[in-house]
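Enquirer: Just passing along the structure, written as structure tokens.
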Amino acid sequence: MTNEPTPKKISVFASLEMAVTFMSLTAITVLIGAWCPQEAVVGREKVFEAFAPDVAKFLIKYGVSDIFHSPWFLFLIAMLTLNMVAVSFQRVFPKVKLLKQVMPFLKGRQIENMPVARKIYLGNYSSSAAMSFVVNELAKRKFTVKVDDQSLTAESGKYGRLAATITHIGLLTLLAGVTVTSWTGYSGFQPVLLGETMSMSGSQHSKLWIGKLPTWGVRVDSTRRENYPSGEPKQWYSNLSIVDEKGKVLKQGEISVNNPLSYDGTDIYQSSWGIDAVEVSFNGHPQRMQVQPMGKRYAAFLPLDQSTVFIFSVLDTTAPMRVFAKRPDWEAPKLISELKPGESVTLGTVKLKFDRVIPVSGLQYKNDPGLVTVYIAFAFIMVGVMLAAIPHRHIWVSVEDRSGNEDDPDRTLQLGAVEDPDATLKLNNVADPDVTLKLSATEDPDVTLKLNATHEPTETPARIEATHEPAGTYLFIGGKSLKAKTGFEKLIDKLVESLSQQIGPQAPPAVTAAKSEPKSFNDRLAETLENSPASHDEKLVAAGADAHSGDS
Amino acid sequence: MSDFQLALTNTAGISSVMSFWVFVASNGLRGKKELLLKIASGVLIVGFLSLTIAIVARGVEAQRFPLSNLYESLLWFAWATMGGYLWIARAYGIKQLGWLASLTAATFFLYGSWLPSSQHEIQPLVPALVSYWRQIHVPPLIVSYAMLFLSGLAALLQLFAAGRRKTLAVAVTTIVLAVSAIGLGTFTEIAVHWLQLLFVGSSLVGVVVAFKLLNQFDASKVNAKLAETYDDVSYRCIAIGFPLLTIGIITGGLWANHAWGSYWSWDPKESMALVTWLGYAAYIHLRIHRDMKPEKLAVVAVVGLLLTLLTYLGFNSLGFGGLHSYGQFK
Ligand code: HEM
């Protein structure tokens, strides 16, 4: 690939308009998905909880409550992917080549046209000293500097250019990883009682497209909760055994929230914890009672007769069980007894023994073959977006002699070259953009003229600036930065300032300017023309002489 | 909360209010402008430093990373807003953002101080939050929210400097309505559906009207140089905030995968962060169009601010549920 790439036809999918449109549509869709409870995440009941029945039915019917599985959402992702692939190959990846691009050395006149440009009069100061000063300053600011005799180029933040490429590679990799996962991976959840074994196929699991679920199961050998002194849960633990169909233990380990157990590519997580039941015996007859969460605790209710209810309240697997009795005529339930596991109490004719608590461990499992790919993608995306924050900066410097020679092309000002496209120049009704001001006719060859044109809608008075530019050596410095422009301008200004200090106070002011009063442009021009020597038949030439006289 | 910590936090809160007024006064009293600006910045620096110490003290007292509930995150947000502004002011030599930044910090302090005292107290962590991932995941997000907020504020100043006074008025009204929705959602019992409607409705109408009004402007009030600077500041804040948001979202995914075995579960807050992320991705790509008018981008940055607000505070206060409801206290 040595020759220049020929301009290719840009595919319709490679447009930025399309990217922004689809990003916005996706954002709106995800926003709706964030607002409406999603069946796939929290279950259909939540949709009915959150909305009136009619609204809920409507949302379910049109797929709003399962928006991330809707054809519309898949369509958006597909379009974004297509768009990104097309753009990446046509516009983004080719930019990597720009890294090798060499900055050409520029002349003062070109530098002056840069978005940021300054000119310093060097006077008697040695031009090579000025150059090496600038080189040093730029190197200090982490610029890569190339010097060629009397000019230099400097560049920084070049690797910021890789931002788009790296980010988009990351995004495409992410999509690939997610696709692998959704086709070949599985995950699920199952609350498992102490001592019981969970099988993947018997639990609530995601649909598997390719491959099959493992046949081994997970047994909960023990499980407990650790509390803060206040009784708030701090951590949940479960000791698990991986067992095969014949009951043989393949692996054992303890898990807690944030610390899973891995076996055969599948990770098993502690995702919730609760108490399912308490076991008590009445006169030696064991009985299991389901409990319900009540605040921080769990409670079981046992009606004794028409009016009296026994309440058994437990906090976790080890703390004592509280036994209350409740009657309608009592204001609050009465605490009858507190029993540790294994203890008993005699209540009238009944001997009540607290055998144990049956906890339930909420196990989440997943097998995610695309995970490594996704993690690599994450790394790319993070690096890419960080690179995007780096501004890519170019600086050019050139030291040149300005002889003051009349034939110097730099002494001609093109009136057509006004930066503001909305501005028009009115020179006594001459509106020809190609009008050129020739300064050759002025008495002082060192005068250059700068015209600020009238901005049509604003009618701000135009100013005529005459600049006295003594013949001599100048250092031109200028450059561009698409990002952080203001910071870049400050950088250049600081550099110019320190160079000016270096040159010292004895040097004559590099540039002197006389600004006219902000009269209207036409008045000013008329005045100028009146004062100008009649011998000059050209309409415009005298302006410089007048302004210059105001200079001294 | 110890008295030391309380005193420092209050100092920071009062500093933000004071610097706001001094910044405002500096615009009124032209003659003393420079002096007043110096004082305002000084006061803000004092506030920033006290808040820094207050946050560290809170961490020491709680013996954990002090970023685990809504109140603590508000302190971080105010801290990042103040710090972010001070950095911008230094790098860009601009001062007008000052009063907006102090106003924002002061508002967040006030919001935080109105929260029930249970939020102010140092509380134990729920199991899901006991992890070193917490300090990797949350700070980038809060700091990114602050930077993205500052970008929206700079965009408002851009609109002002570009003479787009009508668009500005609409944008400010929209933000005020959105903030009100969040305030009402936090401190009153008004049905959340109405508040959601207030937030989303006013944002939609406001943004459309703001765009429509962009071509009405007063050319005599245009300060092109200033407009360019604020445009640049707004972009710069996004250039810093966006990577932080990305890192926050991704590390959240890593944590979730570590803790629950799934890096993405379409939890409402996750989804909302993704919306915000896509919004700023759109902004960045609009920037790549060189011909996009800075005023339009400023309105997009205001949209971003609204999305950021919705992600950060809208979720708990406007009744979206999900995993991330630790900040909830009602
Ligand atoms: C979906 C379709 C997308 C398309 C068509 C697209 C297109 C582009 C193009 C053309 C560029 C400019 C490259 C250059 O001039 O150097 C770019 C830059 C970039 N894109 Fe995308 N993009 C897409 C999605 C995304 C997404 C979702 C992100 C998420 C973060 C993203 C992040 C970036 C970044 C960080 C840059 C670099 C910006 C900079 O240098 O300031 N892109 N994109």
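Residue numbering restarts at 1 in every chain; chains get A, B, ... in the order shown in the structure tokens, and ligands count up from 1 in that same order.
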Could you list, with a cut-off of 8 Å and counting only C-alpha atoms, the residues of chain B near chain A, each shown with its nearest atom pair and the distance in Å rounded to one decimal, rows sorted by chain and ascending number, as CSV?

Expert:
residue,atom,partner,partner_atom,distance
B:Ala91,CA,A:Gly487,CA,6.8
B:Tyr92,CA,A:Gly487,CA,6.4
B:Pro124,CA,A:Tyr228,CA,7.4
B:Leu125,CA,A:Lys234,CA,7.0
B:Val126,CA,A:Lys234,CA,6.0
B:Pro127,CA,A:Lys234,CA,5.0
B:Ala128,CA,A:Val257,CA,6.6
B:Val130,CA,A:Lys234,CA,7.9
B:Ser131,CA,A:Asn258,CA,7.2
B:Ala219,CA,A:Thr458,CA,5.8
B:Ser220,CA,A:Thr458,CA,6.2
B:Thr229,CA,A:Thr486,CA,6.0
B:Asp232,CA,A:Ala484,CA,5.9
B:Val233,CA,A:Ala484,CA,7.5
B:Tyr235,CA,A:Ala484,CA,7.7
B:Arg236,CA,A:Ala484,CA,6.2
B:Ala239,CA,A:Ala389,CA,4.8
B:Ile240,CA,A:Ala389,CA,6.2
B:Phe242,CA,A:Val385,CA,7.4
B:Pro243,CA,A:Val385,CA,5.2
B:Thr246,CA,A:Met382,CA,6.6
B:Ile247,CA,A:Met382,CA,6.1
B:Ile250,CA,A:Phe378,CA,6.7
B:His258,CA,A:Asn258,CA,5.8
B:Ala259,CA,A:Asn258,CA,3.8
B:Trp260,CA,A:Tyr269,CA,5.9
B:Gly261,CA,A:Lys366,CA,6.2
B:Ser262,CA,A:Lys366,CA,7.7
B:Ser265,CA,A:Val41,CA,7.1
B:Trp266,CA,A:Val41,CA,7.2
B:Asp267,CA,A:Ala34,CA,7.2
B:Pro268,CA,A:Ala34,CA,4.2
B:Lys269,CA,A:Ala34,CA,7.0
B:Ser271,CA,A:Ala34,CA,5.5
B:Met272,CA,A:Leu31,CA,6.0
B:Leu274,CA,A:Ala27,CA,7.5
B:Val275,CA,A:Ala27,CA,4.6
B:Thr276,CA,A:Ala27,CA,7.6
B:Leu278,CA,A:Ala27,CA,5.9
B:Gly279,CA,A:Ser24,CA,6.6
B:Ala281,CA,A:Met23,CA,7.8
B:Ala282,CA,A:Val20,CA,5.2
B:His285,CA,A:Val20,CA,6.8
B:Leu286,CA,A:Val20,CA,7.2
B:His289,CA,A:Leu16,CA,7.9
B:Phe320,CA,A:Trp35,CA,6.2
B:Gly321,CA,A:Pro37,CA,7.9

Enquirer: Would you pick out the contacts of Ala300 (chain A) at 10 Å or less, using only C-alpha atoms, so that residues sharing its chain but fewer than 3 positions from it are not included, and give the list as a ChimeraX atom specification?

Expert: /A:276-278,288-294,310-314,323

Enquirer: Can you pull out every residue within 12 Å of Lys293 (chain B), counting only C-alpha atoms, but drop anything in the same chain fewer than 4 positions away, and send it as a list in words?

Expert: Gln158, Leu159, Ala162, Phe211, Leu214, Asn215, Ala227, Glu228, Asp231, Leu286, Arg287, Ile288, His289, Leu297, Ala298, Val299 and Val300 of chain B

Enquirer: How many Å separate atom 30 (C, counted along the ligand's line) of ligand 1 from CA of Lys97 (chain A)?

Expert: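 About the pair atom 30 (C, counted along the ligand's line) of ligand 1 and CA of Lys97 (chain A): they are 21.5 Å apart.
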
Enquirer: Could you pull out the residues in region 299-346 of chain A that DSSP calls strand (DSSP E) from the backbone, as a list in words?

Expert: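 The residues of region 299-346 of chain A classed as strand (DSSP E) are Ala299, Ala300, Phe301, Leu302, Pro303, Val309, Phe310, Ile311, Phe312, Ser313, Val314, Met321, Arg322, Val323, Phe324, Ala325, Lys326, Lys334, Leu335, Ile336, Ser337, Glu338, Leu339, Ser344, Val345 and Thr346 of chain A.
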
Enquirer: Which residues, written as a PyMOL selection string, have at least one atom at most 7 Å from Met198 (chain A), with only C-alpha atoms counted and residues fewer than 6 positions away on the same chain left out?

Expert: chain A and resi 192+217-219

Enquirer: Might you pull out every residue within 7 Å of Met114 (chain A), with only C-alpha atoms counted and same-chain residues fewer than 5 positions away left off, and present them as a list in words?

Expert: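 Here the answer would be Gly478, Gly479 and Lys480 of chain A.
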
Enquirer: Restricting it to N, CA and C atoms, dump the selection as a short mmCIF file (atom, residue, chain, number, x, y, z; two decimals), in the first residue's frame.

Expert:
data_model
loop_
_atom_site.label_atom_id
_atom_site.label_comp_id
_atom_site.auth_asym_id
_atom_site.auth_seq_id
_atom_site.Cartn_x
_atom_site.Cartn_y
_atom_site.Cartn_z
N GLY A 478 2.61 29.43 14.85
CA GLY A 478 1.17 29.24 14.73
C GLY A 478 0.86 27.77 14.69
N GLY A 479 -0.42 27.45 14.76
CA GLY A 479 -0.77 26.04 14.72
C GLY A 479 -2.24 25.83 14.93
N LYS A 480 -2.59 24.58 15.15
CA LYS A 480 -4.01 24.25 15.32
C LYS A 480 -4.20 23.08 16.27
#
